[in-house]
Amino acid sequence: MVGRFLLYLAVFTASYAVKAELYVFPAPSPEATSHTLNTEITLYEEQTLSAIEQKNIDLLIKDTYQTLDKSNTTSALSEINRRFEGTLPAWLYSAIKRCEDWFNRTEGNISCRNGALYDYWAEYVQGKHDLSRREVRRLARVARIAEVNFNDDNSVAFASPIQWDLSEFTASLAVERIANYLTSLNIRSYHISAQGLETHASNQGFSWQGTVAQEAVIQNGRATDAVSNPSTIAYIRPWQRPVLSTSKLASLEKGVLSHSDGWPSAKFQAIAVADNAFEAMLLAHFSATKTVQQAMELVNANPSLALKLVDENGRVFTSNTYTTRTSGDNSGKNKAEKNGHAISIDITLPLFDIADYRGPYVSVWISDEKNRLVKSLALRGTSERWLGELRTWWRRVGRKNEGLVDGFAGATKKNAPLHIKWDGLDDFGKSANSSSLILHVEVAREHGGRSYEKIPFTFDSLTSPITVTGTDEIASITLSLMN
């Protein structure tokens, strides 16, 4: 890993003639946690760290791991878990409070409350008991419904069912604390990497791009008009990852533990981008266990986040913000937009004055002129019974790609309109270079009707928007090039 990183670094510095200084910080304590990994810091523009500053960073990393080490009975985390209250260091108080913000935003699907759940899995890995799905659900639930109170003096009080556990996020918190320290030193251009967990942070002047085939996320370019906020990428490939591992044992089960039901999931490889390392890793964990629709809905509602998901079949799904946050494009527009291949699709659904109105099932996809699937864009609804009522979609797409139902579909939403941005790439991240394409929109509603519209188009034909008035379950559809 280090050799590959240095190779990338050599290519980078040769291309941009930027002097780079590399600092490697050893893991503080191999027995503290199985995720105690080396950290690399690269400084650019002839910046250096003094011996004292290096020592401070080394102490900061050690402090992060020791503070979050539940096996250390004197650690701050162990202390509040034992007393169910306590005053925390400012950085840890901030981390737990932000995790609670994500807990509320995701309706309990991201949590730092599940220490008892992780302990149960650890005992299972050690052979102390069999694994009970009912028990893990119970542990997740009791933690989810417990009350927590935060106070202005950095103290927290909570109900006894909660045991805080931030072990999955220790490296990302260390990276975040390093970034804050470098900022305090007025360090202008840096790259921080927690090796193995693929958590990377950079400040202004740098942009990012994921190299998934090499199972890494690396820095590969400089942006002359970069934003002032730091950027961080966190990377998870869950189907190669034990659900839980210690320094001596690892579970046979692979995936990321779902914080809402306590069971492992491995739906997606996730590359998550945020303004800080901690929130990037929170997003990566959430997105690895949820459907595309759930993850993208969260990300697209927050401009500071970006996300790329890849399933085991190689299908690629990206948020509306991903390309512009990772491409290093100085103009602020992604390549598809420059080529005129980024499309905005707006679909409105009629409002029915019906007492028992049920949200419709909706499918939106693009095919070529031979009806071969190019890109799945949206799928509302999870019941296979009603997905089958989307007859055209089911016949041409659904029954041939059943993994889409589990990994892609999202909940129905009354008659909420759909606003979809398509970057011109197909399901596998390749350019959709067919001269003729077809947009398909199909809607079916329980106790209602079924409507289907298809709109042939070419990228060249969208110099002006195309609007189609639908019937019954579809009000209107508009295609236009993105500005």
# chains A, B, ... in the order shown; residues from 1 in each chain; ligands from 1
$ residues_around --residues "range 87-92 of chain A" --least-positions-apart "3" --cutoff "6 Å" --atoms "only C-alpha atoms" --output "PyMOL selection string"
chain A and resi 95+154-155
$ write_last_selection --atoms "N, CA and C atoms" --output "PDB file, in the first residue's frame"
ATOM      1  N   ALA A  95     -18.028  15.030  18.293  1.00  0.00           N
ATOM      2  CA  ALA A  95     -18.228  13.833  17.468  1.00  0.00           C
ATOM      3  C   ALA A  95     -19.525  13.119  17.825  1.00  0.00           C
ATOM      4  N   ASN A 154     -20.218  20.624  27.547  1.00  0.00           N
ATOM      5  CA  ASN A 154     -19.627  19.410  26.951  1.00  0.00           C
ATOM      6  C   ASN A 154     -19.952  18.146  27.724  1.00  0.00           C
ATOM      7  N   SER A 155     -21.026  18.186  28.485  1.00  0.00           N
ATOM      8  CA  SER A 155     -21.444  16.986  29.201  1.00  0.00           C
ATOM      9  C   SER A 155     -22.633  16.353  28.495  1.00  0.00           C
TER      10      SER A 155
END
$ closest_atom_pairs --of "range 309-404 of chain A" --to "range 467-474 of chain A" --cutoff "8 Å" --atoms "only C-alpha atoms" --output "Markdown table"
| residue | atom | partner | partner_atom | distance |
| --- | --- | --- | --- | --- |
| A:Ile347 | CA | A:Ile474 | CA | 7.7 |
| A:Thr348 | CA | A:Ile474 | CA | 6.6 |
| A:Leu349 | CA | A:Ile474 | CA | 4.9 |
| A:Pro350 | CA | A:Ile474 | CA | 6.3 |
$ closest_atom_pairs --of "range 246-343 of chain A" --to "range 412-421 of chain A" --cutoff "10 Å" --atoms "only C-alpha atoms" --output "tab-separated table"
residue	atom	partner	partner_atom	distance
A:Thr318	CA	A:Lys421	CA	10.0
A:Ser319	CA	A:Lys421	CA	8.7
A:Asn320	CA	A:Lys421	CA	6.3
A:Thr321	CA	A:Lys421	CA	9.8
A:Ala342	CA	A:Lys421	CA	7.2
A:Ile343	CA	A:Lys421	CA	5.8
$ write_last_selection --atoms "N, CA, C and O atoms" --output "JSON list (two decimals), in the first residue's frame"
[["chain", "number", "residue", "atom", "x", "y", "z"],
["A", 318, "THR", "N", -24.25, 7.57, -8.91],
["A", 318, "THR", "CA", -23.59, 8.74, -8.34],
["A", 318, "THR", "C", -24.60, 9.81, -7.98],
["A", 318, "THR", "O", -25.65, 9.94, -8.62],
["A", 319, "SER", "N", -24.26, 10.59, -6.97],
["A", 319, "SER", "CA", -25.11, 11.71, -6.58],
["A", 319, "SER", "C", -24.94, 12.83, -7.60],
["A", 319, "SER", "O", -24.01, 12.85, -8.40],
["A", 320, "ASN", "N", -25.85, 13.79, -7.51],
["A", 320, "ASN", "CA", -25.79, 14.93, -8.43],
["A", 320, "ASN", "C", -24.51, 15.73, -8.28],
["A", 320, "ASN", "O", -24.08, 16.42, -9.19],
["A", 321, "THR", "N", -23.87, 15.64, -7.11],
["A", 321, "THR", "CA", -22.71, 16.47, -6.80],
["A", 321, "THR", "C", -21.38, 15.74, -6.98],
["A", 321, "THR", "O", -20.32, 16.37, -6.85],
["A", 342, "ALA", "N", -25.32, 16.16, -20.01],
["A", 342, "ALA", "CA", -25.93, 16.12, -18.69],
["A", 342, "ALA", "C", -27.36, 16.62, -18.82],
["A", 342, "ALA", "O", -27.60, 17.71, -19.33],
["A", 343, "ILE", "N", -28.29, 15.79, -18.37],
["A", 343, "ILE", "CA", -29.71, 16.05, -18.62],
["A", 343, "ILE", "C", -30.46, 16.17, -17.32],
["A", 343, "ILE", "O", -30.22, 15.43, -16.36]]
$ residues_around --residues "range 287-296 of chain A" --least-positions-apart "3" --cutoff "7 Å" --atoms "only C-alpha atoms" --output "list in words"
Val256, Ser258, Ser265, Ala266, Lys267, Phe268, Gln269, Ala270, Leu283, Ala284, Val299, Asn300, Ser319, Gly407, Phe408, Ala409 and Gly410 of chain A
$ atom_distance --atom1 "CA of Ile96 in chain A" --atom2 "CA of Trp164 in chain A"
8.4 Å
$ select_by_dssp --residues "range 5-166 of chain A" --states "strand (DSSP E or B)" --output "MDAnalysis selection string"
chainID A and resid 20:25 39:44 85:87 114 148:150 155:158 163
$ closest_residue --among "A:Val441, A:Leu481, A:Ile52, A:Ile110" --to "Leu257 in chain A" --atoms "only C-alpha atoms"
A:Ile110
$ closest_residue --among "A:Arg237, A:His341, A:Lys308, A:His259" --to "Tyr322 in chain A" --atoms "only C-alpha atoms"
A:Lys308
$ atom_distance --atom1 "CA of Leu68 in chain A" --atom2 "CA of Glu176 in chain A"
14.5 Å
$ closest_residue --among "A:Tyr65, A:Phe352, A:Trp393, A:Tyr361" --to "Arg177 in chain A" --atoms "only C-alpha atoms"
A:Tyr65
$ closest_residue --among "A:Trp394, A:Ser193, A:Ser184, A:Asp406" --to "Tyr235 in chain A" --atoms "only C-alpha atoms"
A:Ser193
$ closest_residue --among "A:Glu312, A:Asp460, A:Glu253, A:Glu297" --to "Val125 in chain A" --atoms "only C-alpha atoms"
A:Glu253
$ atom_distance --atom1 "CA of Pro161 in chain A" --atom2 "CA of Val142 in chain A"
6.1 Å
$ closest_residue --among "A:Asn401, A:Ser434, A:Thr246, A:Ser367" --to "Ile455 in chain A" --atoms "only C-alpha atoms"
A:Ser367
$ residues_around --residues "Ala159 in chain A" --least-positions-apart "3" --cutoff "7 Å" --atoms "only C-alpha atoms" --output "list in words"
Phe84, Ala146, Glu147, Val148 and Ile162 of chain A
$ write_last_selection --atoms "N, CA and C atoms" --output "compact mmCIF listing (two decimals), in the first residue's frame"
# COMPACT_ATOMS: atom_id res chain seq x y z
N PHE A 84 -23.17 6.50 32.56
CA PHE A 84 -24.30 7.00 31.77
C PHE A 84 -24.38 8.53 31.77
N ALA A 146 -33.62 4.98 23.29
CA ALA A 146 -33.18 5.60 24.53
C ALA A 146 -32.97 7.11 24.35
N GLU A 147 -33.13 7.86 25.44
CA GLU A 147 -33.02 9.31 25.40
C GLU A 147 -31.60 9.77 25.71
N VAL A 148 -31.19 10.87 25.04
CA VAL A 148 -29.87 11.46 25.25
C VAL A 148 -30.05 12.96 25.44
N ILE A 162 -27.88 2.66 26.37
CA ILE A 162 -26.89 3.14 25.41
C ILE A 162 -25.48 2.81 25.90
$ select_by_dssp --residues "range 59-306 of chain A" --states "alpha helix (DSSP H)" --output "ChimeraX atom specification"
/A:59-67,76-83,90-105,115-125,133-145,170-184,277-289,292-300
$ residues_around --residues "Gln66 in chain A" --least-positions-apart "3" --cutoff "8 Å" --atoms "only C-alpha atoms" --output "PDB file with N, CA, C and O atoms, in the first residue's frame"
ATOM      1  N   ALA A  32      -4.806  -2.022  20.824  1.00  0.00           N
ATOM      2  CA  ALA A  32      -5.939  -1.163  21.184  1.00  0.00           C
ATOM      3  C   ALA A  32      -7.157  -1.477  20.342  1.00  0.00           C
ATOM      4  O   ALA A  32      -8.260  -1.571  20.841  1.00  0.00           O
ATOM      5  N   LYS A  62      -2.484   9.069  19.066  1.00  0.00           N
ATOM      6  CA  LYS A  62      -2.552   8.161  20.213  1.00  0.00           C
ATOM      7  C   LYS A  62      -3.713   8.514  21.132  1.00  0.00           C
ATOM      8  O   LYS A  62      -4.429   7.639  21.612  1.00  0.00           O
ATOM      9  N   ASP A  63      -3.890   9.806  21.356  1.00  0.00           N
ATOM     10  CA  ASP A  63      -4.973  10.244  22.233  1.00  0.00           C
ATOM     11  C   ASP A  63      -6.337   9.842  21.662  1.00  0.00           C
ATOM     12  O   ASP A  63      -7.230   9.435  22.411  1.00  0.00           O
ATOM     13  N   ASP A  69     -10.971   3.858  23.155  1.00  0.00           N
ATOM     14  CA  ASP A  69     -10.738   2.441  23.430  1.00  0.00           C
ATOM     15  C   ASP A  69     -11.635   1.980  24.585  1.00  0.00           C
ATOM     16  O   ASP A  69     -11.376   2.296  25.752  1.00  0.00           O
ATOM     17  N   ASN A  72     -10.103   0.017  27.537  1.00  0.00           N
ATOM     18  CA  ASN A  72      -9.346   0.778  28.531  1.00  0.00           C
ATOM     19  C   ASN A  72     -10.336   1.381  29.524  1.00  0.00           C
ATOM     20  O   ASN A  72     -11.080   2.310  29.204  1.00  0.00           O
ATOM     21  N   SER A  75     -10.491   5.196  29.961  1.00  0.00           N
ATOM     22  CA  SER A  75     -10.713   6.101  28.834  1.00  0.00           C
ATOM     23  C   SER A  75     -11.985   6.912  29.049  1.00  0.00           C
ATOM     24  O   SER A  75     -12.894   6.514  29.781  1.00  0.00           O
TER      25      SER A  75
END
$ residues_around --residues "Asn104 in chain A" --least-positions-apart "6" --cutoff "12 Å" --atoms "only C-alpha atoms" --output "ChimeraX atom specification"
/A:97-98,110-112,144-145,147-148,260
$ decode --residues "range 128-174 of chain A" --atoms "N, CA and C atoms" --output "PDB file, in the first residue's frame"
ATOM      1  N   LYS A 128     -18.517 -17.366  22.195  1.00  0.00           N
ATOM      2  CA  LYS A 128     -19.207 -17.426  23.477  1.00  0.00           C
ATOM      3  C   LYS A 128     -20.691 -17.739  23.340  1.00  0.00           C
ATOM      4  N   HIS A 129     -21.275 -17.528  22.178  1.00  0.00           N
ATOM      5  CA  HIS A 129     -22.688 -17.848  21.974  1.00  0.00           C
ATOM      6  C   HIS A 129     -22.988 -17.911  20.478  1.00  0.00           C
ATOM      7  N   ASP A 130     -24.122 -18.481  20.135  1.00  0.00           N
ATOM      8  CA  ASP A 130     -24.574 -18.470  18.755  1.00  0.00           C
ATOM      9  C   ASP A 130     -25.123 -17.096  18.402  1.00  0.00           C
ATOM     10  N   LEU A 131     -25.285 -16.862  17.122  1.00  0.00           N
ATOM     11  CA  LEU A 131     -25.770 -15.574  16.657  1.00  0.00           C
ATOM     12  C   LEU A 131     -27.284 -15.621  16.501  1.00  0.00           C
ATOM     13  N   SER A 132     -27.980 -14.716  17.162  1.00  0.00           N
ATOM     14  CA  SER A 132     -29.434 -14.646  17.109  1.00  0.00           C
ATOM     15  C   SER A 132     -29.858 -13.338  16.446  1.00  0.00           C
ATOM     16  N   ARG A 133     -30.551 -13.451  15.324  1.00  0.00           N
ATOM     17  CA  ARG A 133     -31.013 -12.236  14.652  1.00  0.00           C
ATOM     18  C   ARG A 133     -32.021 -11.485  15.522  1.00  0.00           C
ATOM     19  N   ARG A 134     -32.818 -12.220  16.253  1.00  0.00           N
ATOM     20  CA  ARG A 134     -33.783 -11.582  17.141  1.00  0.00           C
ATOM     21  C   ARG A 134     -33.083 -10.751  18.203  1.00  0.00           C
ATOM     22  N   GLU A 135     -31.992 -11.268  18.752  1.00  0.00           N
ATOM     23  CA  GLU A 135     -31.278 -10.556  19.799  1.00  0.00           C
ATOM     24  C   GLU A 135     -30.591  -9.297  19.258  1.00  0.00           C
ATOM     25  N   VAL A 136     -29.983  -9.388  18.069  1.00  0.00           N
ATOM     26  CA  VAL A 136     -29.317  -8.191  17.549  1.00  0.00           C
ATOM     27  C   VAL A 136     -30.342  -7.105  17.231  1.00  0.00           C
ATOM     28  N   ARG A 137     -31.518  -7.509  16.758  1.00  0.00           N
ATOM     29  CA  ARG A 137     -32.572  -6.516  16.529  1.00  0.00           C
ATOM     30  C   ARG A 137     -32.996  -5.857  17.837  1.00  0.00           C
ATOM     31  N   ARG A 138     -33.097  -6.669  18.898  1.00  0.00           N
ATOM     32  CA  ARG A 138     -33.494  -6.126  20.194  1.00  0.00           C
ATOM     33  C   ARG A 138     -32.462  -5.137  20.703  1.00  0.00           C
ATOM     34  N   LEU A 139     -31.183  -5.484  20.597  1.00  0.00           N
ATOM     35  CA  LEU A 139     -30.127  -4.590  21.070  1.00  0.00           C
ATOM     36  C   LEU A 139     -30.115  -3.284  20.285  1.00  0.00           C
ATOM     37  N   ALA A 140     -30.306  -3.368  18.978  1.00  0.00           N
ATOM     38  CA  ALA A 140     -30.350  -2.151  18.162  1.00  0.00           C
ATOM     39  C   ALA A 140     -31.546  -1.291  18.535  1.00  0.00           C
ATOM     40  N   ARG A 141     -32.671  -1.934  18.818  1.00  0.00           N
ATOM     41  CA  ARG A 141     -33.881  -1.187  19.115  1.00  0.00           C
ATOM     42  C   ARG A 141     -33.787  -0.463  20.460  1.00  0.00           C
ATOM     43  N   VAL A 142     -33.314  -1.162  21.507  1.00  0.00           N
ATOM     44  CA  VAL A 142     -33.266  -0.519  22.827  1.00  0.00           C
ATOM     45  C   VAL A 142     -32.302   0.672  22.813  1.00  0.00           C
ATOM     46  N   ALA A 143     -31.235   0.573  22.034  1.00  0.00           N
ATOM     47  CA  ALA A 143     -30.329   1.718  21.909  1.00  0.00           C
ATOM     48  C   ALA A 143     -30.983   2.848  21.120  1.00  0.00           C
ATOM     49  N   ARG A 144     -31.772   2.468  20.117  1.00  0.00           N
ATOM     50  CA  ARG A 144     -32.380   3.468  19.234  1.00  0.00           C
ATOM     51  C   ARG A 144     -33.413   4.328  19.952  1.00  0.00           C
ATOM     52  N   ILE A 145     -34.154   3.759  20.904  1.00  0.00           N
ATOM     53  CA  ILE A 145     -35.253   4.495  21.519  1.00  0.00           C
ATOM     54  C   ILE A 145     -34.852   5.188  22.828  1.00  0.00           C
ATOM     55  N   ALA A 146     -33.617   4.984  23.287  1.00  0.00           N
ATOM     56  CA  ALA A 146     -33.177   5.604  24.534  1.00  0.00           C
ATOM     57  C   ALA A 146     -32.971   7.109  24.351  1.00  0.00           C
ATOM     58  N   GLU A 147     -33.134   7.856  25.445  1.00  0.00           N
ATOM     59  CA  GLU A 147     -33.019   9.309  25.396  1.00  0.00           C
ATOM     60  C   GLU A 147     -31.597   9.766  25.707  1.00  0.00           C
ATOM     61  N   VAL A 148     -31.192  10.867  25.043  1.00  0.00           N
ATOM     62  CA  VAL A 148     -29.873  11.459  25.251  1.00  0.00           C
ATOM     63  C   VAL A 148     -30.048  12.963  25.440  1.00  0.00           C
ATOM     64  N   ASN A 149     -29.307  13.530  26.385  1.00  0.00           N
ATOM     65  CA  ASN A 149     -29.351  14.968  26.637  1.00  0.00           C
ATOM     66  C   ASN A 149     -27.938  15.547  26.565  1.00  0.00           C
ATOM     67  N   PHE A 150     -27.789  16.614  25.781  1.00  0.00           N
ATOM     68  CA  PHE A 150     -26.510  17.305  25.655  1.00  0.00           C
ATOM     69  C   PHE A 150     -26.577  18.651  26.369  1.00  0.00           C
ATOM     70  N   ASN A 151     -25.474  19.022  27.019  1.00  0.00           N
ATOM     71  CA  ASN A 151     -25.418  20.277  27.755  1.00  0.00           C
ATOM     72  C   ASN A 151     -24.284  21.152  27.214  1.00  0.00           C
ATOM     73  N   ASP A 152     -24.366  22.453  27.479  1.00  0.00           N
ATOM     74  CA  ASP A 152     -23.395  23.407  26.934  1.00  0.00           C
ATOM     75  C   ASP A 152     -21.992  23.239  27.490  1.00  0.00           C
ATOM     76  N   ASP A 153     -21.855  22.547  28.613  1.00  0.00           N
ATOM     77  CA  ASP A 153     -20.534  22.380  29.225  1.00  0.00           C
ATOM     78  C   ASP A 153     -19.823  21.126  28.736  1.00  0.00           C
ATOM     79  N   ASN A 154     -20.218  20.624  27.547  1.00  0.00           N
ATOM     80  CA  ASN A 154     -19.627  19.410  26.951  1.00  0.00           C
ATOM     81  C   ASN A 154     -19.952  18.146  27.724  1.00  0.00           C
ATOM     82  N   SER A 155     -21.026  18.186  28.485  1.00  0.00           N
ATOM     83  CA  SER A 155     -21.444  16.986  29.201  1.00  0.00           C
ATOM     84  C   SER A 155     -22.633  16.353  28.495  1.00  0.00           C
ATOM     85  N   VAL A 156     -22.775  15.062  28.702  1.00  0.00           N
ATOM     86  CA  VAL A 156     -23.857  14.302  28.088  1.00  0.00           C
ATOM     87  C   VAL A 156     -24.428  13.352  29.127  1.00  0.00           C
ATOM     88  N   ALA A 157     -25.743  13.186  29.111  1.00  0.00           N
ATOM     89  CA  ALA A 157     -26.414  12.230  30.005  1.00  0.00           C
ATOM     90  C   ALA A 157     -27.381  11.419  29.164  1.00  0.00           C
ATOM     91  N   PHE A 158     -27.489  10.126  29.457  1.00  0.00           N
ATOM     92  CA  PHE A 158     -28.279   9.256  28.594  1.00  0.00           C
ATOM     93  C   PHE A 158     -28.820   8.082  29.381  1.00  0.00           C
ATOM     94  N   ALA A 159     -29.780   7.399  28.776  1.00  0.00           N
ATOM     95  CA  ALA A 159     -30.390   6.235  29.416  1.00  0.00           C
ATOM     96  C   ALA A 159     -29.439   5.042  29.385  1.00  0.00           C
ATOM     97  N   SER A 160     -29.587   4.148  30.335  1.00  0.00           N
ATOM     98  CA  SER A 160     -28.670   3.023  30.487  1.00  0.00           C
ATOM     99  C   SER A 160     -28.579   2.080  29.290  1.00  0.00           C
ATOM    100  N   PRO A 161     -29.611   1.923  28.429  1.00  0.00           N
ATOM    101  CA  PRO A 161     -29.432   1.001  27.298  1.00  0.00           C
ATOM    102  C   PRO A 161     -28.338   1.410  26.312  1.00  0.00           C
ATOM    103  N   ILE A 162     -27.885   2.661  26.367  1.00  0.00           N
ATOM    104  CA  ILE A 162     -26.886   3.136  25.412  1.00  0.00           C
ATOM    105  C   ILE A 162     -25.476   2.814  25.902  1.00  0.00           C
ATOM    106  N   GLN A 163     -24.666   2.299  24.998  1.00  0.00           N
ATOM    107  CA  GLN A 163     -23.231   2.174  25.191  1.00  0.00           C
ATOM    108  C   GLN A 163     -22.589   2.785  23.949  1.00  0.00           C
ATOM    109  N   TRP A 164     -21.904   3.918  24.119  1.00  0.00           N
ATOM    110  CA  TRP A 164     -21.305   4.589  22.970  1.00  0.00           C
ATOM    111  C   TRP A 164     -20.148   3.777  22.420  1.00  0.00           C
ATOM    112  N   ASP A 165     -20.059   3.699  21.101  1.00  0.00           N
ATOM    113  CA  ASP A 165     -18.982   2.958  20.438  1.00  0.00           C
ATOM    114  C   ASP A 165     -18.662   3.667  19.130  1.00  0.00           C
ATOM    115  N   LEU A 166     -17.460   4.213  19.035  1.00  0.00           N
ATOM    116  CA  LEU A 166     -17.031   4.913  17.824  1.00  0.00           C
ATOM    117  C   LEU A 166     -15.856   4.200  17.159  1.00  0.00           C
ATOM    118  N   SER A 167     -15.728   2.887  17.424  1.00  0.00           N
ATOM    119  CA  SER A 167     -14.570   2.155  16.904  1.00  0.00           C
ATOM    120  C   SER A 167     -14.506   2.165  15.381  1.00  0.00           C
ATOM    121  N   GLU A 168     -15.666   2.153  14.718  1.00  0.00           N
ATOM    122  CA  GLU A 168     -15.671   2.167  13.254  1.00  0.00           C
ATOM    123  C   GLU A 168     -15.209   3.507  12.693  1.00  0.00           C
ATOM    124  N   PHE A 169     -15.179   4.524  13.532  1.00  0.00           N
ATOM    125  CA  PHE A 169     -14.888   5.868  13.051  1.00  0.00           C
ATOM    126  C   PHE A 169     -13.623   6.456  13.664  1.00  0.00           C
ATOM    127  N   THR A 170     -12.849   5.618  14.382  1.00  0.00           N
ATOM    128  CA  THR A 170     -11.674   6.122  15.068  1.00  0.00           C
ATOM    129  C   THR A 170     -10.672   6.745  14.107  1.00  0.00           C
ATOM    130  N   ALA A 171     -10.355   6.039  13.020  1.00  0.00           N
ATOM    131  CA  ALA A 171      -9.366   6.566  12.069  1.00  0.00           C
ATOM    132  C   ALA A 171      -9.839   7.875  11.453  1.00  0.00           C
ATOM    133  N   SER A 172     -11.135   7.941  11.128  1.00  0.00           N
ATOM    134  CA  SER A 172     -11.630   9.167  10.502  1.00  0.00           C
ATOM    135  C   SER A 172     -11.596  10.342  11.486  1.00  0.00           C
ATOM    136  N   LEU A 173     -11.842  10.079  12.761  1.00  0.00           N
ATOM    137  CA  LEU A 173     -11.741  11.147  13.756  1.00  0.00           C
ATOM    138  C   LEU A 173     -10.295  11.590  13.953  1.00  0.00           C
ATOM    139  N   ALA A 174      -9.363  10.632  13.878  1.00  0.00           N
ATOM    140  CA  ALA A 174      -7.942  10.997  13.955  1.00  0.00           C
ATOM    141  C   ALA A 174      -7.561  11.875  12.770  1.00  0.00           C
TER     142      ALA A 174
END
